[in-house]
$ cat coords-v7.tsv   # TSV, C-alpha atoms
chain	number	residue	atom	x	y	z
C	267	MET	CA	-15.79	1.87	-6.15
C	268	LYS	CA	-12.03	2.05	-6.54
C	269	THR	CA	-9.89	3.65	-9.21
C	270	GLN	CA	-6.39	4.97	-9.67
C	271	VAL	CA	-7.34	8.58	-10.49
C	272	ALA	CA	-10.62	10.25	-9.53
C	273	ILE	CA	-11.32	13.20	-11.84
C	274	ILE	CA	-13.78	15.83	-10.64
C	275	GLY	CA	-15.25	17.68	-13.62
C	276	GLY	CA	-16.48	16.31	-16.92
C	277	GLY	CA	-15.56	19.21	-19.17
C	278	PRO	CA	-12.81	19.05	-21.78
C	279	SER	CA	-9.97	19.13	-19.23
C	280	GLY	CA	-11.22	16.23	-17.16
C	281	LEU	CA	-12.18	14.21	-20.22
C	282	LEU	CA	-8.83	14.80	-21.91
C	283	LEU	CA	-6.95	13.69	-18.81
C	284	SER	CA	-9.12	10.58	-18.53
C	285	GLN	CA	-8.58	9.68	-22.19
C	286	LEU	CA	-4.82	10.25	-22.03
C	287	LEU	CA	-4.56	8.06	-18.94
C	288	HIS	CA	-6.62	5.38	-20.71
C	289	THR	CA	-4.06	5.22	-23.53
C	290	ARG	CA	-1.46	4.18	-20.92
C	291	GLY	CA	-3.72	1.70	-19.13
C	292	ILE	CA	-4.29	3.96	-16.11
C	293	ASP	CA	-7.83	3.72	-14.70
C	294	SER	CA	-9.95	6.77	-13.89
C	295	ILE	CA	-13.51	7.77	-13.02
C	296	VAL	CA	-14.93	11.17	-14.03
C	297	LEU	CA	-17.54	12.95	-11.89
C	298	GLU	CA	-19.71	15.66	-13.51
C	299	ARG	CA	-22.42	17.64	-11.70
C	300	GLN	CA	-24.34	18.43	-14.89
C	301	THR	CA	-25.77	16.25	-17.64
C	302	LYS	CA	-23.83	15.45	-20.79
C	303	ASP	CA	-26.28	17.51	-22.87
C	304	TYR	CA	-25.77	20.51	-20.59
C	305	VAL	CA	-21.98	20.29	-20.91
C	306	LEU	CA	-22.27	20.09	-24.69
C	307	SER	CA	-24.60	23.10	-24.79
C	308	ARG	CA	-22.00	25.50	-23.41
C	309	ILE	CA	-20.63	27.90	-26.03
C	310	ARG	CA	-16.91	28.49	-25.62
C	311	ALA	CA	-13.93	29.68	-27.65
C	312	GLY	CA	-12.39	27.54	-30.34
C	313	VAL	CA	-8.82	28.72	-30.92
C	314	LEU	CA	-6.47	25.86	-30.05
C	315	GLU	CA	-2.75	26.13	-29.46
C	316	ARG	CA	-0.37	23.67	-31.07
C	317	GLY	CA	0.18	21.97	-27.70
C	318	PHE	CA	-3.52	21.30	-27.24
C	319	VAL	CA	-3.82	19.79	-30.72
C	320	GLY	CA	-0.81	17.61	-29.95
C	321	LEU	CA	-2.48	16.30	-26.80
C	322	MET	CA	-5.66	15.47	-28.73
C	323	ARG	CA	-3.58	13.48	-31.21
C	324	GLU	CA	-1.72	11.72	-28.41
C	325	ALA	CA	-5.09	10.83	-26.87
C	326	GLY	CA	-6.25	9.36	-30.19
C	327	VAL	CA	-9.18	11.73	-30.59
C	328	ALA	CA	-8.00	14.13	-33.32
C	329	GLU	CA	-9.50	12.49	-36.42
C	330	ARG	CA	-12.44	14.87	-36.76
C	331	LEU	CA	-10.38	17.82	-35.54
C	332	ASP	CA	-7.79	17.23	-38.27
C	333	ALA	CA	-10.50	16.81	-40.92
C	334	GLU	CA	-12.81	19.71	-40.03
C	335	SER	CA	-10.70	22.36	-38.31
C	336	TYR	CA	-9.35	25.57	-39.81
C	337	VAL	CA	-5.70	26.61	-39.75
C	338	HIS	CA	-4.93	30.22	-38.93
C	339	ASP	CA	-1.41	31.31	-39.83
C	340	GLY	CA	-1.86	34.78	-38.38
C	341	THR	CA	-4.25	37.33	-36.94
C	342	LEU	CA	-5.25	40.93	-37.69
C	343	VAL	CA	-4.87	43.79	-35.22
C	344	SER	CA	-6.42	47.20	-35.75
C	345	PHE	CA	-7.07	50.56	-34.13
C	346	GLY	CA	-9.47	52.78	-35.99
C	347	ASP	CA	-8.91	52.22	-39.71
C	348	THR	CA	-5.29	51.13	-39.30
C	349	MET	CA	-5.02	47.35	-39.57
C	350	PHE	CA	-2.04	45.02	-39.85
C	351	ARG	CA	-1.36	41.30	-39.74
C	352	VAL	CA	0.83	39.37	-37.32
C	353	ASP	CA	2.13	36.30	-39.16
C	354	PHE	CA	2.38	33.36	-36.76
C	355	THR	CA	4.07	30.99	-39.18
C	356	LYS	CA	6.71	33.55	-40.14
C	357	HIS	CA	7.51	34.68	-36.61
C	358	ALA	CA	6.90	31.54	-34.54
C	359	GLY	CA	7.02	28.68	-37.02
C	360	HIS	CA	3.58	27.43	-35.98
C	361	HIS	CA	-0.11	28.16	-36.49
C	362	VAL	CA	-3.24	27.95	-34.36
C	363	THR	CA	-6.24	25.73	-35.07
C	364	VAL	CA	-9.86	26.85	-35.03
C	365	TYR	CA	-12.15	24.08	-33.78
C	366	GLY	CA	-14.99	24.73	-31.35
C	367	GLN	CA	-14.60	23.71	-27.72
C	368	THR	CA	-18.00	22.05	-27.92
C	369	GLU	CA	-16.69	19.83	-30.71
C	370	VAL	CA	-13.58	19.01	-28.66
C	371	THR	CA	-15.81	17.94	-25.78
C	372	ARG	CA	-18.05	15.93	-28.10
C	373	ASP	CA	-15.04	14.05	-29.49
C	374	LEU	CA	-13.74	13.31	-26.00
C	375	TYR	CA	-17.11	12.03	-24.78
C	376	ALA	CA	-17.32	9.74	-27.82
C	377	ALA	CA	-13.85	8.37	-27.11
C	378	ARG	CA	-14.54	7.75	-23.43
C	379	GLU	CA	-17.83	6.04	-24.23
C	380	ALA	CA	-16.20	3.86	-26.92
C	381	ALA	CA	-13.64	2.76	-24.33
C	382	ASN	CA	-16.36	2.12	-21.71
C	383	GLY	CA	-14.85	4.87	-19.59
C	384	LYS	CA	-16.65	5.50	-16.31
C	385	ILE	CA	-18.39	8.90	-16.16
C	386	GLU	CA	-20.92	9.74	-13.44
C	387	PHE	CA	-23.34	12.55	-14.30
C	388	ASN	CA	-25.65	14.59	-12.05
C	389	VAL	CA	-23.40	14.16	-9.04
C	390	GLU	CA	-24.12	16.29	-5.97
C	391	ASP	CA	-22.50	17.02	-2.61
C	392	VAL	CA	-18.99	16.05	-3.73
C	393	VAL	CA	-16.53	15.93	-0.84
C	394	ILE	CA	-12.81	15.27	-1.16
C	395	ASN	CA	-11.55	13.32	1.84
C	396	GLY	CA	-8.02	12.58	3.01
C	397	ALA	CA	-6.25	14.40	0.20
C	398	ASP	CA	-3.31	14.98	2.56
C	399	THR	CA	-3.07	11.26	3.40
C	400	ASP	CA	-2.03	8.13	1.52
C	401	ALA	CA	-5.64	6.98	1.21
C	402	PRO	CA	-7.78	9.73	-0.37
C	403	PHE	CA	-11.40	9.13	-1.31
C	404	VAL	CA	-14.31	11.07	-2.77
C	405	THR	CA	-17.92	10.88	-1.58
C	406	TYR	CA	-20.91	12.17	-3.52
C	407	ASN	CA	-24.61	11.65	-4.17
C	408	VAL	CA	-26.46	10.61	-7.31
C	409	ALA	CA	-30.27	10.70	-7.17
C	410	GLY	CA	-30.14	10.63	-3.38
C	411	GLU	CA	-27.79	7.65	-3.22
C	412	GLU	CA	-24.47	8.21	-1.47
C	413	ARG	CA	-21.45	6.79	-3.24
C	414	ARG	CA	-17.72	6.59	-2.58
C	415	ILE	CA	-14.60	6.29	-4.72
C	416	ASP	CA	-11.31	5.20	-3.18
C	417	CYS	CA	-8.35	6.29	-5.29
C	418	ASP	CA	-4.63	6.98	-5.44
C	419	TYR	CA	-4.90	10.56	-6.69
C	420	ILE	CA	-7.56	13.22	-7.31
C	421	ALA	CA	-7.58	15.67	-10.24
C	422	GLY	CA	-9.69	18.77	-9.62
C	423	CYS	CA	-10.93	19.82	-13.06
C	424	ASP	CA	-14.20	21.28	-11.73
C	425	GLY	CA	-13.78	24.96	-12.50
C	426	PHE	CA	-13.67	28.10	-10.38
C	427	HIS	CA	-16.85	27.29	-8.44
C	428	GLY	CA	-16.01	23.63	-7.83
C	429	VAL	CA	-15.09	21.89	-4.59
C	430	SER	CA	-11.46	21.14	-5.40
C	431	ARG	CA	-9.79	24.46	-4.71
C	432	PRO	CA	-11.65	25.14	-1.40
C	433	THR	CA	-10.53	21.68	-0.24
C	434	ILE	CA	-7.00	23.08	0.07
C	435	PRO	CA	-6.87	24.79	3.50
C	436	ALA	CA	-7.08	28.58	3.35
C	437	ASP	CA	-3.82	28.95	5.26
C	438	VAL	CA	-2.05	26.84	2.61
C	439	ARG	CA	-3.22	28.53	-0.58
C	440	LYS	CA	-2.66	32.09	-1.74
C	441	GLU	CA	-4.88	33.71	-4.35
C	442	TYR	CA	-4.13	36.53	-6.79
C	443	GLU	CA	-6.85	38.35	-8.71
C	444	LYS	CA	-7.38	41.27	-11.07
C	445	VAL	CA	-10.94	42.19	-12.03
C	446	TYR	CA	-11.36	44.23	-15.21
C	447	PRO	CA	-13.96	47.04	-15.23
C	448	PHE	CA	-15.83	45.77	-18.30
C	449	GLY	CA	-17.18	42.63	-19.94
C	450	TRP	CA	-17.56	41.11	-23.39
C	451	LEU	CA	-20.93	40.95	-25.07
C	452	GLY	CA	-20.70	38.00	-27.44
C	453	ILE	CA	-23.06	36.79	-30.15
C	454	LEU	CA	-23.18	33.74	-32.39
C	455	SER	CA	-24.72	34.14	-35.83
C	456	GLU	CA	-25.24	31.88	-38.82
C	457	THR	CA	-23.42	34.28	-41.13
C	458	PRO	CA	-20.12	34.01	-43.00
C	459	PRO	CA	-17.20	35.51	-41.05
C	460	VAL	CA	-16.12	38.98	-42.06
C	461	ASN	CA	-12.57	37.65	-42.40
C	462	HIS	CA	-11.00	34.19	-42.42
C	463	GLU	CA	-8.58	35.15	-39.64
C	464	LEU	CA	-9.52	36.81	-36.36
C	465	ILE	CA	-9.60	40.59	-36.08
C	466	TYR	CA	-8.71	42.16	-32.73
C	467	SER	CA	-9.86	45.75	-32.97
C	468	GLY	CA	-9.28	48.63	-30.59
C	469	SER	CA	-11.04	51.97	-30.84
C	470	GLU	CA	-11.93	54.97	-28.71
C	471	ARG	CA	-15.40	53.38	-28.38
C	472	GLY	CA	-13.94	50.16	-26.98
C	473	PHE	CA	-12.70	46.76	-28.05
C	474	ALA	CA	-14.24	44.40	-30.64
C	475	LEU	CA	-13.33	40.92	-31.83
C	476	CYS	CA	-14.38	39.25	-35.07
C	477	SER	CA	-13.92	35.48	-34.99
C	478	MET	CA	-15.38	32.42	-36.66
C	479	ARG	CA	-16.40	28.80	-36.06
C	480	ASN	CA	-16.77	27.75	-39.70
C	481	GLU	CA	-17.61	29.21	-43.10
C	482	ASN	CA	-21.22	29.89	-42.08
C	483	LEU	CA	-20.97	30.45	-38.33
C	484	SER	CA	-19.44	33.59	-36.86
C	485	ARG	CA	-18.65	34.69	-33.32
C	486	TYR	CA	-18.40	38.42	-32.56
C	487	TYR	CA	-17.70	40.34	-29.36
C	488	ILE	CA	-17.78	43.94	-28.21
C	489	GLN	CA	-16.56	45.41	-24.96
C	490	CYS	CA	-19.49	46.47	-22.77
C	491	SER	CA	-20.33	47.75	-19.31
C	492	LEU	CA	-20.58	45.26	-16.46
C	493	ASP	CA	-24.01	46.74	-15.79
C	494	ASP	CA	-25.28	45.69	-19.23
C	495	LYS	CA	-27.47	42.65	-19.75
C	496	PRO	CA	-27.76	40.69	-23.02
C	497	GLU	CA	-31.40	41.71	-23.38
C	498	ASP	CA	-30.33	45.37	-23.32
C	499	TRP	CA	-28.81	44.84	-26.75
C	500	SER	CA	-30.99	44.23	-29.77
C	501	ASP	CA	-29.39	42.50	-32.73
C	502	GLU	CA	-29.51	45.74	-34.69
C	503	ALA	CA	-27.81	47.69	-31.89
C	504	PHE	CA	-25.06	45.09	-31.61
C	505	TRP	CA	-24.29	45.08	-35.34
C	506	GLU	CA	-24.23	48.86	-35.53
C	507	GLU	CA	-21.85	49.14	-32.59
C	508	LEU	CA	-19.59	46.42	-33.99
C	509	LYS	CA	-19.35	48.29	-37.29
C	510	ARG	CA	-18.29	51.45	-35.45
C	511	ARG	CA	-15.41	49.64	-33.76
C	512	ILE	CA	-13.80	47.79	-36.67
C	513	PRO	CA	-12.02	49.25	-39.72
C	514	SER	CA	-14.47	50.72	-42.23
C	515	GLU	CA	-13.30	48.34	-44.96
C	516	GLN	CA	-14.30	45.38	-42.78
C	517	ALA	CA	-17.51	47.04	-41.61
C	518	ASP	CA	-18.61	47.56	-45.21
C	519	LYS	CA	-18.44	43.84	-46.00
C	520	LEU	CA	-19.83	42.56	-42.67
C	521	VAL	CA	-22.78	40.21	-43.22
C	522	THR	CA	-25.34	40.59	-40.44
C	523	GLY	CA	-28.24	38.38	-39.44
C	524	PRO	CA	-30.26	37.09	-36.48
C	525	THR	CA	-28.20	36.00	-33.48
C	526	ILE	CA	-28.64	32.46	-32.19
C	527	GLU	CA	-26.83	33.06	-28.88
C	528	LYS	CA	-26.04	36.19	-26.90
C	529	SER	CA	-24.23	36.44	-23.58
C	530	ILE	CA	-21.97	38.68	-21.50
C	531	ALA	CA	-18.74	37.44	-19.92
C	532	PRO	CA	-16.83	39.43	-17.28
C	533	LEU	CA	-13.06	39.66	-17.58
C	534	ARG	CA	-10.63	38.81	-14.81
C	535	SER	CA	-7.28	37.26	-14.07
C	536	PHE	CA	-7.00	34.78	-11.19
C	537	VAL	CA	-4.32	32.39	-9.93
C	538	THR	CA	-4.15	30.22	-6.84
C	539	GLU	CA	-0.93	28.75	-5.46
C	540	PRO	CA	-0.01	25.96	-4.96
C	541	MET	CA	-1.79	23.76	-7.51
C	542	ARG	CA	-1.14	20.61	-5.49
C	543	TRP	CA	-2.04	19.64	-1.92
C	544	GLY	CA	-1.13	16.13	-0.96
C	545	ARG	CA	-2.76	13.85	-3.52
C	546	LEU	CA	-5.07	16.54	-4.90
C	547	PHE	CA	-4.04	18.35	-8.08
C	548	LEU	CA	-5.83	21.43	-9.46
C	549	CYS	CA	-6.22	21.86	-13.22
C	550	GLY	CA	-7.71	24.60	-15.41
C	551	ASP	CA	-10.23	27.07	-14.02
C	552	ALA	CA	-10.04	25.43	-10.61
C	553	ALA	CA	-6.58	27.01	-10.33
C	554	HIS	CA	-6.50	29.95	-12.73
C	555	ILE	CA	-8.58	32.15	-15.02
C	556	VAL	CA	-7.41	34.44	-17.82
C	557	PRO	CA	-9.28	37.12	-19.76
C	558	PRO	CA	-10.58	35.74	-23.07
C	559	THR	CA	-8.27	38.06	-25.04
C	560	GLY	CA	-6.01	35.67	-26.93
C	561	ALA	CA	-8.11	32.55	-26.16
C	562	LYS	CA	-5.87	31.13	-23.43
C	563	GLY	CA	-8.41	29.62	-21.01
C	564	LEU	CA	-8.81	26.11	-22.41
C	565	ASN	CA	-5.25	26.12	-23.74
C	566	THR	CA	-3.78	26.87	-20.32
C	567	ALA	CA	-5.89	24.10	-18.82
C	568	ALA	CA	-4.41	21.78	-21.45
C	569	SER	CA	-0.88	22.60	-20.29
C	570	ASP	CA	-1.90	21.58	-16.76
C	571	ILE	CA	-3.23	18.31	-18.15
C	572	HIS	CA	0.06	17.76	-19.97
C	573	TYR	CA	2.10	18.10	-16.78
C	574	LEU	CA	-0.29	16.05	-14.64
C	575	TYR	CA	-0.75	13.27	-17.20
C	576	ASN	CA	2.99	12.88	-17.65
C	577	GLY	CA	3.54	12.96	-13.89
C	578	LEU	CA	0.97	10.20	-13.38
C	579	ARG	CA	2.33	8.20	-16.30
C	580	GLN	CA	5.84	8.47	-14.88
C	581	PHE	CA	4.62	7.33	-11.46
C	582	TYR	CA	2.62	4.32	-12.64
C	583	GLU	CA	5.05	3.20	-15.34
C	584	ASP	CA	8.43	3.95	-13.73
C	585	GLY	CA	7.59	4.28	-10.04
C	586	SER	CA	9.04	7.80	-9.98
C	587	PRO	CA	7.17	10.62	-8.17
C	588	GLU	CA	9.33	13.34	-9.76
C	589	GLY	CA	6.70	14.52	-12.24
C	590	LEU	CA	3.99	14.70	-9.59
C	591	ASP	CA	6.28	16.42	-7.09
C	592	SER	CA	7.19	19.11	-9.64
C	593	TYR	CA	3.65	19.49	-11.06
C	594	SER	CA	2.66	22.69	-9.27
C	595	GLU	CA	5.97	24.43	-9.94
C	596	LYS	CA	5.99	23.54	-13.65
C	597	ALA	CA	2.31	24.33	-14.21
C	598	LEU	CA	2.47	27.67	-12.41
C	599	ALA	CA	5.59	28.76	-14.29
C	600	ARG	CA	3.66	28.48	-17.56
C	601	VAL	CA	0.41	29.82	-16.07
C	602	TRP	CA	2.02	33.09	-15.03
C	603	LYS	CA	3.53	33.59	-18.48
C	604	THR	CA	0.09	33.05	-19.99
C	605	GLU	CA	-1.45	35.45	-17.48
C	606	ARG	CA	1.13	38.04	-18.50
C	607	PHE	CA	0.27	37.69	-22.18
C	608	SER	CA	-3.49	37.89	-21.58
C	609	TRP	CA	-3.02	40.91	-19.29
C	610	TRP	CA	-0.80	42.63	-21.87
C	611	PHE	CA	-3.14	41.94	-24.80
C	612	SER	CA	-6.22	42.98	-22.80
C	613	SER	CA	-4.53	46.19	-21.66
C	614	LEU	CA	-3.45	46.93	-25.22
C	615	MET	CA	-6.85	46.55	-26.89
C	616	HIS	CA	-9.49	47.74	-24.40
C	617	SER	CA	-10.77	51.15	-23.38
C	618	PHE	CA	-10.63	51.67	-19.61
C	619	PRO	CA	-13.12	53.90	-17.72
C	620	ASP	CA	-10.39	55.95	-16.05
C	621	GLN	CA	-8.26	56.22	-19.17
C	622	THR	CA	-6.71	59.67	-19.67
C	623	GLU	CA	-5.76	61.25	-22.99
C	624	PHE	CA	-2.15	60.38	-22.18
C	625	ASP	CA	-3.12	56.74	-21.57
C	626	LEU	CA	-4.89	56.62	-24.93
C	627	LYS	CA	-1.84	58.08	-26.72
C	628	MET	CA	0.39	55.49	-25.07
C	629	GLN	CA	-1.98	52.71	-26.08
C	630	ILE	CA	-1.96	53.87	-29.71
C	631	ALA	CA	1.84	54.16	-29.59
C	632	GLU	CA	2.08	50.58	-28.28
C	633	ILE	CA	-0.10	49.30	-31.11
C	634	GLU	CA	1.99	51.27	-33.61
C	635	PHE	CA	5.14	49.75	-32.12
C	636	LEU	CA	3.65	46.30	-32.57
C	637	ARG	CA	2.75	47.16	-36.17
C	638	THR	CA	6.26	48.28	-37.10
C	639	ASN	CA	8.53	46.14	-34.95
C	640	GLU	CA	9.43	42.59	-36.01
C	641	ALA	CA	10.64	41.62	-32.54
C	642	ALA	CA	7.35	42.71	-30.96
C	643	GLN	CA	5.40	40.70	-33.52
C	644	LYS	CA	7.62	37.67	-32.90
C	645	ALA	CA	6.95	37.87	-29.15
C	646	MET	CA	3.20	38.13	-29.73
C	647	ALA	CA	3.21	35.26	-32.24
C	648	GLU	CA	5.18	32.95	-29.94
C	649	ASN	CA	2.75	33.58	-27.09
C	650	TYR	CA	-0.35	33.31	-29.27
C	651	VAL	CA	0.48	29.93	-30.85
C	652	GLY	CA	1.40	28.65	-27.40
C	653	LEU	CA	4.58	28.55	-25.37
C	654	PRO	CA	6.24	25.12	-25.28
C	655	TYR	CA	5.40	22.81	-22.38
$ encode --input "coords-v7.tsv" --output "structure tokens"
Amino acid sequence: MKTQVAIIGGGPSGLLLSQLLHTRGIDSIVLERQTKDYVLSRIRAGVLERGFVGLMREAGVAERLDAESYVHDGTLVSFGDTMFRVDFTKHAGHHVTVYGQTEVTRDLYAAREAANGKIEFNVEDVVINGADTDAPFVTYNVAGEERRIDCDYIAGCDGFHGVSRPTIPADVRKEYEKVYPFGWLGILSETPPVNHELIYSGSERGFALCSMRNENLSRYYIQCSLDDKPEDWSDEAFWEELKRRIPSEQADKLVTGPTIEKSIAPLRSFVTEPMRWGRLFLCGDAAHIVPPTGAKGLNTAASDIHYLYNGLRQFYEDGSPEGLDSYSEKALARVWKTERFSWWFSSLMHSFPDQTEFDLKMQIAEIEFLRTNEAAQKAMAENYVGLPY
């Protein structure tokens, strides 16, 4: 097979890139190691920056998003019983959109299928060949049959454990990582959200987050030990601990019920540089990971897609390599700003094992500064709704 752009990874990043390229008549093939049903079964965050929503509209796949999503003009921050609101629209002139990542992926699959886009599922043994030459190609197996795609460029959208990043020689890439000493225990429940907007809550017992998917589906998280397992937490124990960590007014009106999904996610920050090697470009988790505080994972991947899509469009339409040549520099400049925000917000809201009484006082003072300072709220709002591309 031959295509212009081979895309490794059939999650939302790879699908969005494929659909955007399709709108400009640029051919692509997507390779996914799992089944479509498996990809759609993954539970992920659903807070979308304005830039991501703009890309969905540009790709022509925002009809259901615009009809069914929820607009959040701000968020609530608390410590103990003190709670205040950061107004995004007032301070940044924009809002965020709540629409589940699963629904984003579903819309993108539907669009690619309607356009007869080529997606290969259940691929194994993917190998990127000749990425540092003018004739790259990808080999892989499906059901024991070896296949090959010759292409102009390769987009590595295959996540942290994919083959794309390790394809870049170890002496070329440099990796930066911070591992946090705790995780998030998250549950999904068919209950109305305790509040329309998200609540980020700090306490001496640890962090908690109250979020929502729709009017009858809620997503809640509590900070937990990395040694914990989901089965260690009964539904009753989770709800009781959540109530202890959020303001009493919110705890009193919290509607509890059976959980339909329960999992623990570790927290870490990770960046690899560069994000381009020859004709291979890294996007999303293949190049960087952020803590979930502030919901920047998918949104940061979308900024990569923006830069890569426009670089490819510029090359195929105008013959200019400028966008592709500057891809890594532009993407990393925004990635590091996003990493900074996620690191700051995580440090602000979580309880750390080695935290001293002085550290706790400083944390409370920082939250109080955010509560009372318009400039601090403006900075948070601008980062939360998404820095411009």
$ closest_residue --input "coords-v7.tsv" --among "C:Ile420, C:Val305, C:Leu483, C:Ile633" --to "C:Tyr375" --atoms "all atoms listed in the file"
C:Val305
$ closest_residue --input "coords-v7.tsv" --among "C:Ala358, C:Leu454, C:Val438, C:Val364" --to "C:Val319" --atoms "all atoms listed in the file"
C:Val364
$ residues_around --input "coords-v7.tsv" --residues "C:Glu379" --least-positions-apart "4" --cutoff "12 Å" --atoms "only C-alpha atoms" --output "mmCIF file with C-alpha atoms, in the coordinates of the input"
data_model
loop_
_atom_site.group_PDB
_atom_site.id
_atom_site.type_symbol
_atom_site.label_atom_id
_atom_site.label_comp_id
_atom_site.auth_asym_id
_atom_site.auth_seq_id
_atom_site.Cartn_x
_atom_site.Cartn_y
_atom_site.Cartn_z
ATOM 1 C CA LEU C 281 -12.180 14.210 -20.220
ATOM 2 C CA SER C 284 -9.120 10.580 -18.530
ATOM 3 C CA GLN C 285 -8.580 9.680 -22.190
ATOM 4 C CA HIS C 288 -6.620 5.380 -20.710
ATOM 5 C CA VAL C 296 -14.930 11.170 -14.030
ATOM 6 C CA LYS C 302 -23.830 15.450 -20.790
ATOM 7 C CA ARG C 372 -18.050 15.930 -28.100
ATOM 8 C CA ASP C 373 -15.040 14.050 -29.490
ATOM 9 C CA LEU C 374 -13.740 13.310 -26.000
ATOM 10 C CA TYR C 375 -17.110 12.030 -24.780
ATOM 11 C CA GLY C 383 -14.850 4.870 -19.590
ATOM 12 C CA LYS C 384 -16.650 5.500 -16.310
ATOM 13 C CA ILE C 385 -18.390 8.900 -16.160
ATOM 14 C CA GLU C 386 -20.920 9.740 -13.440
#
$ residues_around --input "coords-v7.tsv" --residues "C:Thr566" --least-positions-apart "6" --cutoff "8 Å" --atoms "all atoms listed in the file" --output "PyMOL selection string"
chain C and resi 550+601+604
$ residues_around --input "coords-v7.tsv" --residues "C:Ser586" --least-positions-apart "5" --cutoff "9 Å" --atoms "all atoms listed in the file" --output "PyMOL selection string"
chain C and resi 577+580-581
$ closest_atom_pairs --input "coords-v7.tsv" --of "stretch 423-449 of chain C" --to "stretch 398-417 of chain C" --cutoff "12 Å" --atoms "all atoms listed in the file" --output "CSV"
residue,atom,partner,partner_atom,distance
C:Val429,CA,C:Val404,CA,11.0
C:Ser430,CA,C:Val404,CA,10.8
C:Thr433,CA,C:Asp398,CA,10.2
C:Ile434,CA,C:Asp398,CA,9.2
C:Pro435,CA,C:Asp398,CA,10.5
C:Val438,CA,C:Asp398,CA,11.9
$ residues_around --input "coords-v7.tsv" --residues "stretch 464-478 of chain C" --least-positions-apart "5" --cutoff "6 Å" --atoms "all atoms listed in the file" --output "list of chain:residue names"
C:Thr341, C:Leu342, C:Val343, C:Ser344, C:Phe345, C:Gly346, C:Pro459, C:Ser484, C:Arg485, C:Tyr486, C:Tyr487, C:Ile488, C:Gln489, C:Arg511, C:Ile512, C:Met615, C:His616, C:Ser617
$ atom_distance --input "coords-v7.tsv" --atom1 "atom CA of C:Ser335" --atom2 "atom CA of C:Lys603"
26.9 Å
$ residues_around --input "coords-v7.tsv" --residues "stretch 587-591 of chain C" --least-positions-apart "3" --cutoff "10 Å" --atoms "all atoms listed in the file" --output "VMD selection string"
chain C and resid 542 544 to 545 547 573 to 582 584 594 to 596
$ closest_residue --input "coords-v7.tsv" --among "C:Ser491, C:Gln367, C:Asn388, C:Thr289" --to "C:Leu533" --atoms "only C-alpha atoms"
C:Ser491
